[in-house]
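Source file: run.txt (compact mmCIF, C-alpha atoms)
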# COMPACT_ATOMS: atom_id res chain seq x y z
CA MET A 1 7.14 -18.15 -16.56
CA ARG A 2 7.09 -17.45 -12.83
CA ARG A 3 10.85 -17.88 -12.54
CA LYS A 4 11.50 -15.62 -15.53
CA THR A 5 9.27 -12.87 -14.11
CA ILE A 6 11.00 -12.97 -10.73
CA LEU A 7 14.40 -12.81 -12.43
CA ILE A 8 13.28 -9.83 -14.51
CA GLY A 9 12.08 -8.06 -11.36
CA LEU A 10 15.39 -8.70 -9.60
CA ALA A 11 17.29 -7.49 -12.66
CA LEU A 12 15.29 -4.26 -12.68
CA PHE A 13 16.03 -3.81 -9.00
CA MET A 14 19.77 -4.25 -9.56
CA LEU A 15 19.62 -1.62 -12.32
CA VAL A 16 17.95 0.96 -10.11
CA VAL A 17 20.37 0.15 -7.28
CA GLY A 18 23.21 0.87 -9.66
CA TYR A 19 21.59 4.13 -10.74
CA SER A 20 21.08 5.17 -7.13
CA GLN A 21 24.86 4.99 -6.51
CA VAL A 22 25.84 7.29 -9.36
CA THR A 23 26.09 10.70 -7.68
CA LEU A 24 27.40 10.08 -4.18
CA ALA A 25 29.30 7.24 -2.54
CA GLU A 26 28.48 8.08 1.08
CA ASP A 27 25.24 8.01 3.01
CA PHE A 28 23.36 11.22 3.65
CA THR A 29 20.20 12.25 5.45
CA TYR A 30 17.64 12.76 2.72
CA THR A 31 15.19 15.62 2.36
CA MET A 32 11.50 15.10 3.25
CA PRO A 33 11.78 11.85 5.26
CA MET A 34 7.99 11.90 5.78
CA LEU A 35 7.72 10.57 2.22
CA ARG A 36 9.06 7.24 3.56
CA MET A 37 6.79 6.92 6.62
CA GLY A 38 4.10 4.82 4.93
CA VAL A 39 0.31 5.07 5.03
CA GLY A 40 -2.59 2.84 6.01
CA ALA A 41 -2.78 0.77 9.19
CA ARG A 42 -3.18 -2.44 7.20
CA ALA A 43 0.03 -1.91 5.25
CA LEU A 44 2.02 -0.67 8.25
CA ALA A 45 0.93 -3.63 10.40
CA MET A 46 2.52 -5.89 7.76
CA GLY A 47 5.82 -4.05 8.08
CA GLY A 48 5.15 -1.71 5.15
CA ALA A 49 5.59 -4.57 2.66
CA TYR A 50 2.83 -3.43 0.32
CA VAL A 51 4.25 -2.72 -3.14
CA ALA A 52 2.72 -5.85 -4.67
CA VAL A 53 -0.39 -5.88 -2.42
CA ALA A 54 -1.81 -2.34 -2.88
CA ASN A 55 -5.28 -2.57 -4.43
CA ASP A 56 -7.28 0.36 -3.00
CA ALA A 57 -6.91 4.14 -2.63
CA THR A 58 -3.66 3.70 -0.66
CA ALA A 59 -2.09 2.42 -3.89
CA GLY A 60 -1.59 6.07 -4.83
CA TYR A 61 1.15 6.08 -2.19
CA TRP A 62 2.48 2.50 -2.30
CA ASN A 63 2.22 1.68 -5.99
CA PRO A 64 -0.07 3.66 -8.34
CA ALA A 65 -0.36 0.61 -10.61
CA GLY A 66 -2.60 -0.96 -7.95
CA LEU A 67 -5.28 1.68 -8.54
CA SER A 68 -6.41 -0.33 -11.56
CA GLN A 69 -7.77 -3.01 -9.17
CA ILE A 70 -10.39 -0.63 -7.71
CA GLU A 71 -13.90 -1.71 -8.66
CA LYS A 72 -15.66 1.69 -8.52
CA VAL A 73 -14.62 4.13 -5.77
CA SER A 74 -12.19 3.74 -2.86
CA PHE A 75 -11.62 6.03 0.13
CA ALA A 76 -8.84 5.69 2.72
CA SER A 77 -7.75 7.68 5.76
CA MET A 78 -5.27 7.42 8.62
CA ILE A 79 -4.33 9.26 11.80
CA ALA A 80 -1.34 8.63 14.05
CA ALA A 81 -1.56 8.70 17.84
CA ASN A 82 1.07 8.89 20.59
CA MET A 83 3.81 10.21 18.34
CA THR A 84 6.78 11.60 20.25
CA ALA A 85 8.35 15.08 19.87
CA ASP A 86 4.95 16.75 19.37
CA ARG A 87 4.66 15.28 15.90
CA LYS A 88 1.55 14.68 13.81
CA TYR A 89 0.94 12.60 10.71
CA ASN A 90 -2.35 12.42 8.78
CA TYR A 91 -3.47 10.95 5.49
CA LEU A 92 -6.51 11.01 3.17
CA ALA A 93 -7.01 9.46 -0.26
CA ILE A 94 -9.77 8.85 -2.77
CA ALA A 95 -9.70 7.01 -6.10
CA GLY A 96 -12.20 5.98 -8.76
CA LYS A 97 -12.34 3.80 -11.84
CA PHE A 98 -13.24 5.16 -15.28
CA ASN A 99 -13.35 3.83 -18.85
CA PHE A 100 -9.82 5.12 -19.49
CA GLY A 101 -8.29 3.86 -16.24
CA SER A 102 -8.27 4.78 -12.54
CA LEU A 103 -7.61 8.22 -11.07
CA GLY A 104 -6.60 8.97 -7.51
CA PHE A 105 -5.81 11.86 -5.19
CA SER A 106 -3.87 11.58 -1.92
CA TRP A 107 -2.94 14.08 0.79
CA LEU A 108 -0.25 13.53 3.42
CA ASN A 109 0.44 15.95 6.25
CA SER A 110 3.33 15.78 8.68
CA GLY A 111 4.36 18.40 11.23
CA THR A 112 5.92 19.29 14.54
CA SER A 113 4.72 21.96 16.98
CA ASP A 114 5.89 23.70 20.16
CA ILE A 115 9.49 24.15 19.04
CA ALA A 116 11.24 26.81 21.15
CA GLY A 117 12.60 29.63 19.00
CA TYR A 118 15.59 31.85 19.77
CA SER A 119 17.21 34.83 18.08
CA GLY A 120 20.91 35.08 17.25
CA SER A 121 21.51 36.54 20.71
CA ALA A 122 19.76 33.57 22.39
CA THR A 123 16.66 35.65 23.15
CA PRO A 124 13.46 33.58 23.18
CA THR A 125 11.21 34.40 20.21
CA GLY A 126 8.33 32.09 21.06
CA ASP A 127 7.31 28.64 19.92
CA PHE A 128 6.87 27.70 16.28
CA GLY A 129 6.16 24.63 14.17
CA PHE A 130 6.80 22.93 10.85
CA ASN A 131 4.19 21.60 8.44
CA ASP A 132 4.79 19.50 5.32
CA HIS A 133 2.07 18.67 2.81
CA VAL A 134 2.27 16.19 -0.07
CA PHE A 135 -0.40 16.01 -2.79
CA LEU A 136 -0.41 13.00 -5.13
CA PHE A 137 -2.30 12.98 -8.43
CA SER A 138 -2.36 9.37 -9.59
CA TYR A 139 -3.26 7.30 -12.65
CA GLY A 140 -3.36 3.52 -13.00
CA ASN A 141 -4.45 1.10 -15.70
CA ALA A 142 -4.32 -2.63 -16.43
CA LEU A 143 -3.01 -4.34 -19.54
CA GLU A 144 -4.16 -7.92 -18.98
CA LYS A 145 -1.83 -9.30 -16.26
CA LEU A 146 0.34 -6.18 -16.23
CA GLN A 147 -0.74 -3.08 -14.31
CA VAL A 148 0.99 0.30 -14.66
CA GLY A 149 0.67 3.57 -12.77
CA PHE A 150 2.13 7.04 -12.36
CA ASN A 151 2.06 9.89 -9.83
CA PHE A 152 2.58 13.60 -10.18
CA LYS A 153 3.33 15.00 -6.74
CA VAL A 154 3.38 18.48 -5.26
CA ILE A 155 5.25 19.09 -2.00
CA HIS A 156 4.75 22.15 0.18
CA SER A 157 6.81 22.82 3.29
CA ARG A 158 6.16 25.66 5.73
CA ALA A 159 7.67 26.87 8.99
CA ASP A 160 5.79 29.38 11.14
CA ALA A 161 8.51 31.30 12.93
CA THR A 162 9.54 34.93 13.35
CA LYS A 163 10.11 35.00 9.61
CA SER A 164 7.77 32.58 7.96
CA TYR A 165 9.42 30.10 5.57
CA SER A 166 7.71 28.19 2.78
CA ALA A 167 8.84 26.20 -0.23
CA THR A 168 7.13 24.16 -2.95
CA GLY A 169 8.42 21.38 -5.16
CA VAL A 170 7.23 18.75 -7.62
CA GLY A 171 8.19 15.20 -8.57
CA PHE A 172 7.09 11.92 -10.12
CA ASP A 173 6.55 8.27 -9.17
CA ALA A 174 6.01 5.19 -11.33
CA GLY A 175 5.09 1.60 -10.61
CA VAL A 176 4.08 -1.74 -12.11
CA ILE A 177 2.37 -4.86 -10.80
CA PHE A 178 2.51 -8.15 -12.65
CA LYS A 179 0.11 -10.94 -11.67
CA ILE A 180 2.11 -14.09 -12.30
CA ASP A 181 -0.95 -16.08 -11.26
CA ASP A 182 -3.66 -15.90 -8.60
CA LYS A 183 -1.19 -16.80 -5.86
CA VAL A 184 1.86 -14.67 -6.71
CA HIS A 185 2.02 -10.97 -7.62
CA LEU A 186 5.20 -8.98 -8.36
CA GLY A 187 5.49 -5.21 -7.86
CA VAL A 188 8.17 -2.62 -8.69
CA THR A 189 8.14 1.11 -7.88
CA ALA A 190 10.41 4.08 -8.47
CA SER A 191 9.48 7.10 -6.32
CA ASP A 192 10.60 10.73 -6.24
CA LEU A 193 12.09 10.76 -9.70
CA GLY A 194 13.43 14.26 -10.22
CA THR A 195 11.72 15.53 -7.07
CA LYS A 196 13.08 18.83 -5.71
CA ILE A 197 12.03 21.34 -3.08
CA ASP A 198 13.71 24.66 -2.32
CA GLY A 199 16.57 23.71 -4.65
CA GLU A 200 17.31 20.44 -2.82
CA ASP A 201 16.95 17.01 -4.38
CA VAL A 202 14.71 14.47 -2.71
CA ALA A 203 16.42 11.09 -2.83
CA ALA A 204 14.82 8.67 -5.29
CA ASN A 205 13.48 5.47 -3.76
CA PHE A 206 13.17 2.04 -5.40
CA ARG A 207 11.26 -1.04 -4.26
CA VAL A 208 10.72 -4.56 -5.51
CA GLY A 209 8.00 -6.59 -3.80
CA VAL A 210 6.28 -9.93 -4.04
CA ALA A 211 2.88 -10.83 -2.56
CA MET A 212 2.00 -14.49 -2.02
CA TYR A 213 -1.47 -15.88 -1.38
CA PRO A 214 -0.76 -19.53 -0.51
CA VAL A 215 -4.26 -20.41 0.76
CA GLU A 216 -7.52 -18.53 1.15
CA GLY A 217 -7.29 -15.81 3.79
CA PHE A 218 -3.48 -15.62 3.93
CA THR A 219 -1.34 -12.81 2.48
CA ILE A 220 2.45 -12.94 2.77
CA PRO A 221 4.28 -9.90 1.31
CA LEU A 222 8.01 -9.19 1.01
CA ASP A 223 9.62 -5.92 -0.11
CA ILE A 224 13.22 -4.91 -0.76
CA GLU A 225 13.94 -1.16 -0.73
CA LYS A 226 16.90 0.94 -1.83
CA THR A 227 17.09 4.72 -1.41
CA GLN A 228 19.38 6.71 -3.69
CA ASN A 229 22.82 7.40 -2.18
CA MET A 230 22.08 5.29 0.89
CA SER A 231 24.30 2.22 1.21
CA GLU A 232 21.85 0.01 3.08
CA ILE A 233 19.14 -2.13 1.52
CA LYS A 234 16.02 -2.41 3.66
CA LEU A 235 13.90 -5.53 4.02
CA ARG A 236 10.21 -5.46 4.90
CA THR A 237 8.03 -8.50 5.37
CA GLY A 238 4.77 -9.45 7.03
CA ALA A 239 1.71 -11.66 7.07
CA GLU A 240 -2.05 -11.30 7.25
CA TYR A 241 -4.77 -13.80 8.05
CA SER A 242 -8.34 -12.76 7.28
CA TYR A 243 -11.39 -14.85 8.16
CA GLN A 244 -15.18 -14.53 8.18
CA PHE A 245 -16.63 -14.90 11.67
CA ALA A 246 -20.24 -13.92 10.90
CA ASP A 247 -22.41 -12.96 7.95
CA ASP A 248 -20.82 -9.92 6.27
CA TYR A 249 -18.18 -9.60 9.03
CA PHE A 250 -14.49 -10.30 8.47
CA ALA A 251 -11.62 -10.04 10.94
CA ALA A 252 -7.91 -9.83 10.18
CA MET A 253 -4.74 -10.35 12.20
CA ARG A 254 -1.45 -8.94 10.95
CA ALA A 255 2.22 -8.78 11.90
CA GLY A 256 5.37 -7.60 10.19
CA VAL A 257 8.96 -6.43 10.42
CA ASN A 258 10.06 -3.11 8.92
CA ASP A 259 13.84 -3.18 8.60
CA GLY A 260 14.15 -4.75 12.04
CA ASN A 261 11.27 -2.86 13.64
CA PHE A 262 8.28 -4.94 14.73
CA ALA A 263 4.65 -4.11 13.88
CA ILE A 264 1.35 -5.78 14.68
CA GLY A 265 -2.29 -4.99 13.97
CA VAL A 266 -5.89 -6.07 13.55
CA GLY A 267 -8.75 -5.15 11.25
CA LEU A 268 -12.51 -5.41 10.91
CA THR A 269 -14.34 -5.34 7.56
CA ILE A 270 -18.11 -5.16 7.15
CA MET A 271 -19.83 -6.25 3.93
CA THR A 272 -16.41 -6.14 2.18
CA ARG A 273 -16.92 -2.35 1.93
CA TYR A 274 -16.30 -0.70 5.27
CA ALA A 275 -13.09 -1.31 7.18
CA ILE A 276 -11.38 -0.06 10.31
CA ASP A 277 -7.76 -1.08 10.90
CA TYR A 278 -5.28 -0.62 13.72
CA ALA A 279 -1.49 -0.94 13.76
CA TYR A 280 1.04 -0.79 16.58
CA VAL A 281 4.24 0.43 14.97
CA SER A 282 7.78 0.67 16.31
CA GLU A 283 9.50 3.45 14.41
CA GLN A 284 13.07 3.48 13.22
CA GLY A 285 15.48 5.26 15.55
CA ASP A 286 15.59 5.25 19.34
CA VAL A 287 14.17 8.78 19.60
CA PHE A 288 10.75 8.11 18.06
CA GLU A 289 9.81 4.85 19.84
CA GLU A 290 6.39 3.33 19.12
CA ASN A 291 3.02 4.79 18.13
CA HIS A 292 -0.42 3.79 16.92
CA LYS A 293 -1.99 4.08 13.48
CA ILE A 294 -5.76 3.98 12.92
CA SER A 295 -7.34 3.80 9.48
CA VAL A 296 -10.88 3.95 8.15
CA SER A 297 -11.60 2.96 4.56
CA VAL A 298 -14.60 2.48 2.28
CA ASN A 299 -14.65 0.59 -1.02
CA TRP A 300 -17.60 0.50 -3.40
Turn this file's structure into structure tokens for me.
Amino acid sequence: MRRKTILIGLALFMLVVGYSQVTLAEDFTYTMPMLRMGVGARALAMGGAYVAVANDATAGYWNPAGLSQIEKVSFASMIAANMTADRKYNYLAIAGKFNFGSLGFSWLNSGTSDIAGYSGSATPTGDFGFNDHVFLFSYGNALEKLQVGFNFKVIHSRADATKSYSATGVGFDAGVIFKIDDKVHLGVTASDLGTKIDGEDVAANFRVGVAMYPVEGFTIPLDIEKTQNMSEIKLRTGAEYSYQFADDYFAAMRAGVNDGNFAIGVGLTIMTRYAIDYAYVSEQGDVFEENHKISVSVNW
């Protein structure tokens, strides 16, 4: 059964890889790259390999199927520090469980400030900035071992310059998680299906992930990612060890690799409800270097 499920997951991944090659043969720089930056210090410290792990409010971003694992209410937040090029990146999410399934709402904000503006004649026009907002409206539910989820997303991009620019777009995500057994979970997501903003397509993104729990306290995830019209396939993997060091206090150590970029982090959980997590992340590209992610979450 386990082997068949893994083969089915790999087959689905090959299908979406084939679909992603249909329109263009060459690589291109896709619109709204902030949609690929990831959320949550816990997930990012494990290299962003989280498709089969997501089980709290951050599942709205990583895999909406994971929202079905929320017990009652889950809240998650994240801020980024020491980002180069005057960038900012913030995140908030909340989700709750109901008789008909789980609902979630997520907000992502990314922007850059203090950009020098010039007119056509090279005359300075003052500094300006860009701001992108993404709003995710999520639903997840469980059908025995199979969990399914969907997102409706709204994207708003704005530039404050001499002539203010703004654009709004919509799109969809879908995901599944299959619990092969207590020690192995399989996840598959398809993001930005039909997503457009200002007449431009946002490249669809596909992930297949597996999460292994070999012994108590250990989590070992592995994700494979393919973005539409991009030739490369990205690999993300990581590990987490969580242990109880006092009554109602749990500590976690994490490390991961995100397509060749190293990440490391720690976490503290109190009474299994309140958590603060930290991640040191090395971003892709030589320009952006490393930065720090800090998350606070509450689960009832």
List the neighbours of stretch 186-189 of chain A out to 7 Å using only C-alpha atoms; skip same-chain residues closer than 6 positions along the sequence, and give me the result as an NGL selection string. :A and (51-52 or 63 or 174-179 or 206-211)
Give me the residues near A:Phe172 as JSON, numbers by chain, where near means some atom within 12 Å (using all atoms listed in the file) and where sequence neighbours in that chain fewer than 2 positions away do not count. {"A": [60, 61, 64, 134, 135, 136, 137, 138, 139, 149, 150, 151, 152, 153, 154, 155, 169, 170, 174, 175, 189, 190, 191, 192, 193, 194, 195, 196, 202, 203, 204, 205]}
Which residues are near A:Trp62? Cut-off 8 Å, only C-alpha atoms, ignore same chain within fewer than 6 positions. Put them as a count of residues only. 4
Quick check, in Å to one decimal: how far apart do atom CA of A:Lys226 and atom CA of A:Asp201 lie?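 We find that atom CA of A:Lys226 and atom CA of A:Asp201 lie 16.3 Å from each other.
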Centre, x/y/z edge lengths, axis-aligned box for stretch 75-81 of chain A with 4 Å per side, as JSON:
{"center_x": -6.5, "center_y": 7.5, "center_z": 9.0, "size_x": 18.3, "size_y": 11.6, "size_z": 25.7}
Atomic distance atom CA of A:Val39 - atom CA of A:Gly101, expressed in Å with one decimal: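 These atoms are spaced 23.0 Å apart.
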So which residues touch A:Gly111 within 7 Å, counting only C-alpha atoms, skipping near sequence neighbours fewer than 4 positions away, as a list in words?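 Result of the neighbour search: Arg87, Lys88, Tyr89, Phe130, Asn131 and Asp132 of chain A.
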Using only C-alpha atoms, which of the listed residues (A:Gly260, A:Gly40, A:Gly199, A:Gly265) sits closest to A:Glu283? A:Gly260
